[in-house]
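So this block is work38.cif, mmCIF, C-alpha atoms:
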data_upload
loop_
_atom_site.label_atom_id
_atom_site.label_comp_id
_atom_site.auth_asym_id
_atom_site.auth_seq_id
_atom_site.Cartn_x
_atom_site.Cartn_y
_atom_site.Cartn_z
CA MET A 69 -23.70 -40.21 15.02
CA ASN A 70 -20.11 -39.41 14.27
CA SER A 71 -19.56 -35.68 14.75
CA ASP A 72 -17.23 -35.69 11.75
CA ALA A 73 -20.25 -36.45 9.53
CA THR A 74 -21.75 -33.05 10.28
CA ALA A 75 -18.51 -31.08 10.18
CA PRO A 76 -18.31 -28.62 7.25
CA ASP A 77 -15.86 -29.21 4.47
CA LEU A 78 -12.68 -27.20 4.89
CA GLY A 79 -12.81 -23.86 3.10
CA PHE A 80 -9.90 -21.90 1.73
CA VAL A 81 -8.44 -18.41 1.64
CA SER A 82 -7.56 -16.20 -1.31
CA LEU A 83 -4.90 -13.59 -0.51
CA VAL A 84 -5.87 -10.91 -3.02
CA GLY A 85 -4.23 -7.63 -3.99
CA SER A 86 -6.70 -4.92 -4.96
CA GLY A 87 -4.21 -2.67 -6.71
CA PRO A 88 -3.87 0.99 -5.76
CA GLY A 89 -7.60 1.70 -5.44
CA ASP A 90 -9.16 2.37 -8.85
CA PRO A 91 -11.70 -0.47 -9.33
CA GLU A 92 -10.73 -0.67 -13.01
CA LEU A 93 -7.23 -1.67 -11.90
CA LEU A 94 -8.47 -4.81 -10.15
CA THR A 95 -7.27 -7.91 -11.93
CA VAL A 96 -9.93 -9.97 -13.66
CA LYS A 97 -9.37 -12.75 -11.14
CA ALA A 98 -9.61 -10.43 -8.15
CA LYS A 99 -12.92 -9.05 -9.38
CA ARG A 100 -14.32 -12.54 -9.87
CA LEU A 101 -13.23 -13.70 -6.43
CA LEU A 102 -14.90 -10.72 -4.77
CA THR A 103 -18.23 -11.87 -6.24
CA GLU A 104 -17.68 -15.52 -5.30
CA ALA A 105 -16.35 -15.18 -1.75
CA ASP A 106 -18.47 -15.97 1.28
CA VAL A 107 -16.56 -13.42 3.35
CA VAL A 108 -14.13 -10.62 2.44
CA LEU A 109 -11.72 -9.45 5.12
CA HIS A 110 -10.37 -6.13 3.91
CA ASP A 111 -8.03 -3.44 5.12
CA LYS A 112 -8.56 0.28 4.56
CA LEU A 113 -6.40 0.62 1.46
CA PRO A 114 -8.35 -1.00 -1.41
CA GLY A 115 -10.24 2.26 -1.95
CA PRO A 116 -13.83 3.21 -1.16
CA GLU A 117 -15.32 2.19 -4.52
CA ILE A 118 -13.89 -1.31 -4.29
CA ILE A 119 -14.98 -1.80 -0.69
CA GLU A 120 -18.47 -0.44 -1.34
CA SER A 121 -18.88 -2.84 -4.29
CA ILE A 122 -18.77 -5.77 -1.84
CA PRO A 123 -22.15 -6.54 -0.21
CA GLU A 124 -22.04 -5.22 3.35
CA ALA A 125 -23.16 -8.58 4.73
CA ASN A 126 -20.12 -10.25 3.14
CA ARG A 127 -17.35 -7.93 4.30
CA GLU A 128 -15.43 -7.41 7.51
CA ASP A 129 -13.09 -4.48 8.15
CA VAL A 130 -9.80 -5.62 9.66
CA GLY A 131 -7.85 -2.56 8.63
CA LYS A 132 -5.06 -0.66 10.31
CA ARG A 133 -4.46 3.07 10.26
CA ALA A 134 -1.59 4.94 11.86
CA GLY A 135 -2.89 6.84 14.90
CA GLY A 136 -6.43 5.54 14.35
CA GLU A 137 -8.37 2.31 14.34
CA TRP A 138 -6.22 -0.77 14.53
CA THR A 139 -6.98 -4.47 14.27
CA PRO A 140 -4.28 -6.71 15.75
CA GLN A 141 -2.69 -8.99 13.17
CA GLU A 142 -3.24 -11.91 15.52
CA TYR A 143 -7.01 -11.36 15.29
CA THR A 144 -6.91 -11.31 11.49
CA ASN A 145 -4.86 -14.51 11.42
CA ARG A 146 -7.25 -16.19 13.81
CA ARG A 147 -10.32 -15.02 11.90
CA LEU A 148 -9.00 -16.34 8.59
CA VAL A 149 -8.51 -19.78 10.08
CA GLU A 150 -11.85 -19.73 11.88
CA LEU A 151 -13.81 -18.87 8.76
CA ALA A 152 -11.97 -21.38 6.57
CA ARG A 153 -12.57 -24.15 9.12
CA ASP A 154 -16.25 -23.21 8.97
CA GLY A 155 -16.17 -24.11 5.29
CA LYS A 156 -16.04 -20.54 3.96
CA HIS A 157 -14.25 -19.24 0.91
CA VAL A 158 -12.50 -16.21 2.36
CA VAL A 159 -10.93 -13.37 0.40
CA ARG A 160 -8.30 -11.46 2.32
CA LEU A 161 -8.31 -8.23 0.34
CA LYS A 162 -5.28 -5.97 0.61
CA GLY A 163 -4.34 -2.67 -0.99
CA GLY A 164 -1.72 -2.91 -3.72
CA ASP A 165 -0.04 -6.31 -3.70
CA PRO A 166 -0.31 -8.68 -0.72
CA PHE A 167 3.45 -9.16 -0.54
CA VAL A 168 4.61 -5.53 -0.70
CA PHE A 169 4.38 -4.33 2.93
CA GLY A 170 0.97 -5.99 3.10
CA ARG A 171 1.73 -8.76 5.62
CA GLY A 172 0.68 -11.31 3.04
CA GLY A 173 3.77 -13.34 3.84
CA GLU A 174 2.86 -13.53 7.53
CA GLU A 175 -0.70 -14.57 6.77
CA MET A 176 0.41 -17.17 4.22
CA GLU A 177 2.74 -18.77 6.74
CA HIS A 178 0.07 -18.75 9.44
CA LEU A 179 -2.48 -20.40 7.16
CA ALA A 180 0.04 -23.09 6.20
CA SER A 181 0.88 -23.75 9.86
CA GLU A 182 -2.83 -24.26 10.58
CA GLY A 183 -3.38 -26.55 7.60
CA ILE A 184 -5.56 -24.09 5.69
CA PRO A 185 -5.34 -24.16 1.87
CA PHE A 186 -4.84 -20.81 0.23
CA GLU A 187 -4.03 -19.11 -3.06
CA VAL A 188 -2.18 -15.89 -3.86
CA VAL A 189 -3.66 -13.40 -6.31
CA PRO A 190 -1.11 -10.64 -6.99
CA GLY A 191 -2.21 -7.05 -7.35
CA ILE A 192 -0.71 -3.97 -8.97
CA THR A 193 1.53 -2.56 -6.27
CA SER A 194 0.90 1.06 -5.36
CA ALA A 195 4.67 1.47 -5.03
CA VAL A 196 4.84 1.49 -8.84
CA ALA A 197 1.30 2.44 -9.86
CA GLY A 198 1.04 5.44 -7.53
CA PRO A 199 4.04 7.27 -8.97
CA GLY A 200 3.07 6.12 -12.46
CA VAL A 201 -0.38 7.71 -12.50
CA ALA A 202 1.24 10.90 -11.19
CA GLY A 203 3.52 11.00 -14.22
CA ILE A 204 6.56 9.66 -12.39
CA PRO A 205 8.32 6.52 -13.67
CA VAL A 206 10.16 4.73 -10.89
CA THR A 207 12.90 3.88 -13.38
CA HIS A 208 14.05 5.90 -16.37
CA ARG A 209 16.93 5.23 -18.71
CA ASP A 210 18.25 8.77 -18.30
CA HIS A 211 17.76 9.12 -14.54
CA ALA A 212 17.45 5.86 -12.59
CA SER A 213 18.27 2.25 -13.36
CA SER A 214 17.38 0.98 -9.88
CA VAL A 215 14.56 1.45 -7.41
CA SER A 216 14.34 0.72 -3.67
CA PHE A 217 11.07 0.19 -1.78
CA VAL A 218 11.05 0.86 1.95
CA THR A 219 8.50 1.33 4.70
CA GLY A 220 8.23 4.72 6.32
CA HIS A 221 6.78 3.36 9.54
CA GLU A 222 10.21 2.79 11.01
CA ASP A 223 11.96 5.53 12.93
CA PRO A 224 15.36 6.08 11.25
CA THR A 225 16.82 7.44 14.50
CA LYS A 226 16.33 4.10 16.28
CA ASP A 227 19.45 2.02 16.80
CA GLU A 228 17.52 -1.12 15.92
CA SER A 229 15.97 0.25 12.72
CA ALA A 230 16.06 -2.24 9.87
CA VAL A 231 16.19 0.57 7.31
CA ASN A 232 19.72 1.72 6.52
CA TRP A 233 19.07 5.24 5.25
CA GLU A 234 22.79 5.91 4.80
CA ALA A 235 23.12 2.96 2.46
CA LEU A 236 20.00 4.00 0.57
CA ALA A 237 21.38 7.51 0.12
CA ALA A 238 24.57 6.05 -1.34
CA THR A 239 22.78 3.60 -3.62
CA GLY A 240 21.30 6.22 -5.92
CA GLY A 241 18.38 5.47 -8.18
CA THR A 242 14.81 5.98 -7.01
CA LEU A 243 13.63 5.63 -3.44
CA VAL A 244 9.93 4.89 -2.91
CA VAL A 245 8.69 5.14 0.67
CA LEU A 246 5.32 3.64 1.54
CA MET A 247 3.39 4.65 4.65
CA GLY A 248 5.86 7.45 5.21
CA VAL A 249 3.87 10.67 5.61
CA GLY A 250 4.21 10.88 9.39
CA LYS A 251 7.92 10.10 9.46
CA LEU A 252 8.75 12.34 6.50
CA PRO A 253 10.80 14.83 8.57
CA ASP A 254 12.85 12.00 10.08
CA TYR A 255 13.88 10.14 6.96
CA THR A 256 14.37 13.20 4.76
CA ALA A 257 16.73 14.56 7.43
CA ALA A 258 18.46 11.16 7.66
CA LEU A 259 18.98 11.09 3.89
CA ARG A 260 20.42 14.63 3.85
CA GLU A 261 22.74 13.78 6.74
CA ALA A 262 23.86 10.72 4.77
CA GLY A 263 24.91 12.93 1.87
CA MET A 264 21.90 13.07 -0.43
CA GLU A 265 21.66 16.49 -2.07
CA PRO A 266 19.04 18.82 -0.50
CA ASP A 267 17.72 19.77 -3.96
CA THR A 268 16.91 16.15 -4.85
CA PRO A 269 13.36 16.13 -6.30
CA VAL A 270 10.65 14.62 -4.13
CA ALA A 271 6.96 13.94 -4.80
CA LEU A 272 4.11 12.95 -2.49
CA VAL A 273 1.24 11.03 -4.07
CA GLU A 274 -1.80 10.87 -1.79
CA ARG A 275 -4.57 8.33 -2.42
CA ALA A 276 -3.18 7.31 -5.80
CA THR A 277 -5.92 6.46 -8.34
CA TRP A 278 -8.66 7.23 -5.78
CA PRO A 279 -11.21 9.96 -6.57
CA GLY A 280 -9.44 12.25 -4.07
CA MET A 281 -5.93 11.70 -5.43
CA ARG A 282 -3.53 14.59 -4.87
CA VAL A 283 0.12 15.17 -5.76
CA ALA A 284 2.57 17.66 -4.26
CA THR A 285 6.20 18.13 -5.22
CA GLY A 286 9.26 19.71 -3.69
CA THR A 287 12.82 18.81 -2.81
CA LEU A 288 14.46 16.85 -0.03
CA GLU A 289 14.86 20.16 1.77
CA THR A 290 11.38 21.63 1.16
CA ILE A 291 9.04 18.64 1.03
CA VAL A 292 8.12 18.69 4.74
CA ASP A 293 6.92 22.29 4.40
CA VAL A 294 5.05 21.33 1.23
CA ARG A 295 3.37 18.45 3.05
CA ASP A 296 2.25 20.73 5.85
CA ALA A 297 1.10 23.54 3.56
CA GLU A 298 -0.92 21.18 1.37
CA GLY A 299 -2.21 19.01 4.20
CA ILE A 300 -1.03 15.77 2.59
CA GLU A 301 -2.30 12.83 4.66
CA PRO A 302 -2.01 9.03 4.61
CA PRO A 303 -2.23 6.94 2.59
CA ALA A 304 0.49 8.52 0.50
CA ILE A 305 3.63 7.45 -1.32
CA THR A 306 6.91 9.38 -1.25
CA VAL A 307 9.10 9.29 -4.35
CA ILE A 308 12.66 10.55 -3.92
CA GLY A 309 15.07 10.94 -6.83
CA ALA A 310 15.56 12.55 -10.21
CA VAL A 311 12.54 10.76 -11.68
CA ALA A 312 10.23 12.85 -9.47
CA ALA A 313 11.01 15.85 -11.70
CA THR A 314 9.67 13.99 -14.75
CA ARG A 315 6.14 14.91 -13.69
CA GLU A 316 6.67 18.59 -14.49
CA ARG A 317 7.69 17.74 -18.06
CA VAL A 318 4.55 15.70 -18.80
CA LEU A 319 1.93 17.30 -16.56
CA GLU A 320 0.26 19.34 -19.31
CA PHE A 321 -0.67 16.17 -21.16
CA LEU A 322 -1.30 13.85 -18.21
CA ARG A 323 -4.97 12.95 -17.97
CA ASN A 324 -5.25 10.66 -14.92
CA ARG A 325 -4.64 13.33 -12.28
CA PRO A 326 -7.82 14.25 -10.38
CA GLY A 327 -7.55 16.67 -7.48
CA ASP A 328 -3.85 17.58 -7.65
CA ALA A 329 -2.54 19.65 -4.77
CA GLU A 330 -0.72 22.83 -5.74
CA ASP A 331 2.78 21.78 -6.73
CA GLU A 332 5.71 23.64 -5.28
CA GLY A 333 9.38 23.60 -6.15
#

Written form, structure tokens:
Amino acid sequence: MNSDATAPDLGFVSLVGSGPGDPELLTVKAKRLLTEADVVLHDKLPGPEIIESIPEANREDVGKRAGGEWTPQEYTNRRLVELARDGKHVVRLKGGDPFVFGRGGEEMEHLASEGIPFEVVPGITSAVAGPGVAGIPVTHRDHASSVSFVTGHEDPTKDESAVNWEALAATGGTLVVLMGVGKLPDYTAALREAGMEPDTPVALVERATWPGMRVATGTLETIVDVRDAEGIEPPAITVIGAVAATRERVLEFLRNRPGDAEDEG
């Protein structure tokens, strides 16, 4: 008998953004796909409620955490192809949006190179939603008409760094740093050295929209001490710019703010 007759039909992969973590912020399509998928490969950022809503038998953790557990990207790429070739509908679930520091682009290209069909399901990026639920608009007609998104994983003191902190300091507007809690002392110092004012407002939003969400505020000069005093930990978003001060003007009436850290000026 021809072996091809018993080979499973080729499956496919859905690259899905989960949003910042609140299960009610999943898109309708993302929620449907989580119930239809044979296997869900997830990272650690979708949030505990979303992950726990997926049957344990149908989910695999391929997450990465700075200084902790780490799954090589090569393994994730290989696993996606393996499962799809076994005829599975695979959801690759990522925090926020797959294409905002989520390696969705790398995975999309790998799937295409291996002949695996896929679809992209955008998610609400935490780079915008995280500040938003903390009462911080990333743009504001009176304060910022531009916004820059950068990764905080890079060391700004490295000669080969792809992040030009001097240019960012000169650009103005809002600077949103993702995955930047550990490197906070480095890039805040780099921005001050590049000419950004030490009293520039800064906010840290930890676990945005999660049950344990916390927010702490300070300035470019004080925010490292605030981080240490409040014990802010990853995952957290750093918002740098005049818009970060907007929070103080709306905080009394803001209702989606569980577990705020003590704010400091």

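Comparing A:Pro303, A:Ala271, A:Asn145, A:Ala284 by their smallest distance to A:Lys112, the closest is A:Pro303 (using all atoms listed in the file).
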
Practice item. To one decimal in Å, tell me the separation between atom CA of A:Ile184 and atom CA of A:Thr219. Key: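 Atom CA of A:Ile184 sits 29.1 Å away from atom CA of A:Thr219.
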
Check your understanding: Which is closer to A:Leu272 than all the others in A:Thr139, A:Val188, A:Thr290, A:Ala258, using all atoms listed in the file?
Key ->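 When distances to A:Leu272 are compared using all atoms listed in the file, the smallest one comes from A:Thr290.
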
Point to revise | Residue nearest A:Ala212 among A:Ile291, A:Val96, A:Ala313, A:Val107 (counting all atoms listed in the file) | key: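 When distances to A:Ala212 are compared using all atoms listed in the file, the smallest one comes from A:Ala313.
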
Practice item. Give me the result of the PyMOL selection byres ((chain A and resi 249) around 7) on this file, residue by residue, as a VMD selection string. Key: chain A and resid 247 to 248 250 to 252 301 to 302 304

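Coordinates place atom CA of A:Asp293 at a distance of 28.7 Å from atom CA of A:Pro116.
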
Review point. Evaluating the PyMOL selection byres ((chain A and resi 239-244) around 9) on the displayed file yields which residues, as a ChimeraX atom specification?
Key: /A:195-196,199,206-207,211-219,234-238,245-246,264,305-312

Practice item. Just the residues within 10 Å of A:Pro91, please, counting all atoms listed in the file, with nothing from its chain fewer than 6 positions along; format it as a PyMOL selection string. Key: chain A and resi 99+114-119+121+277-278
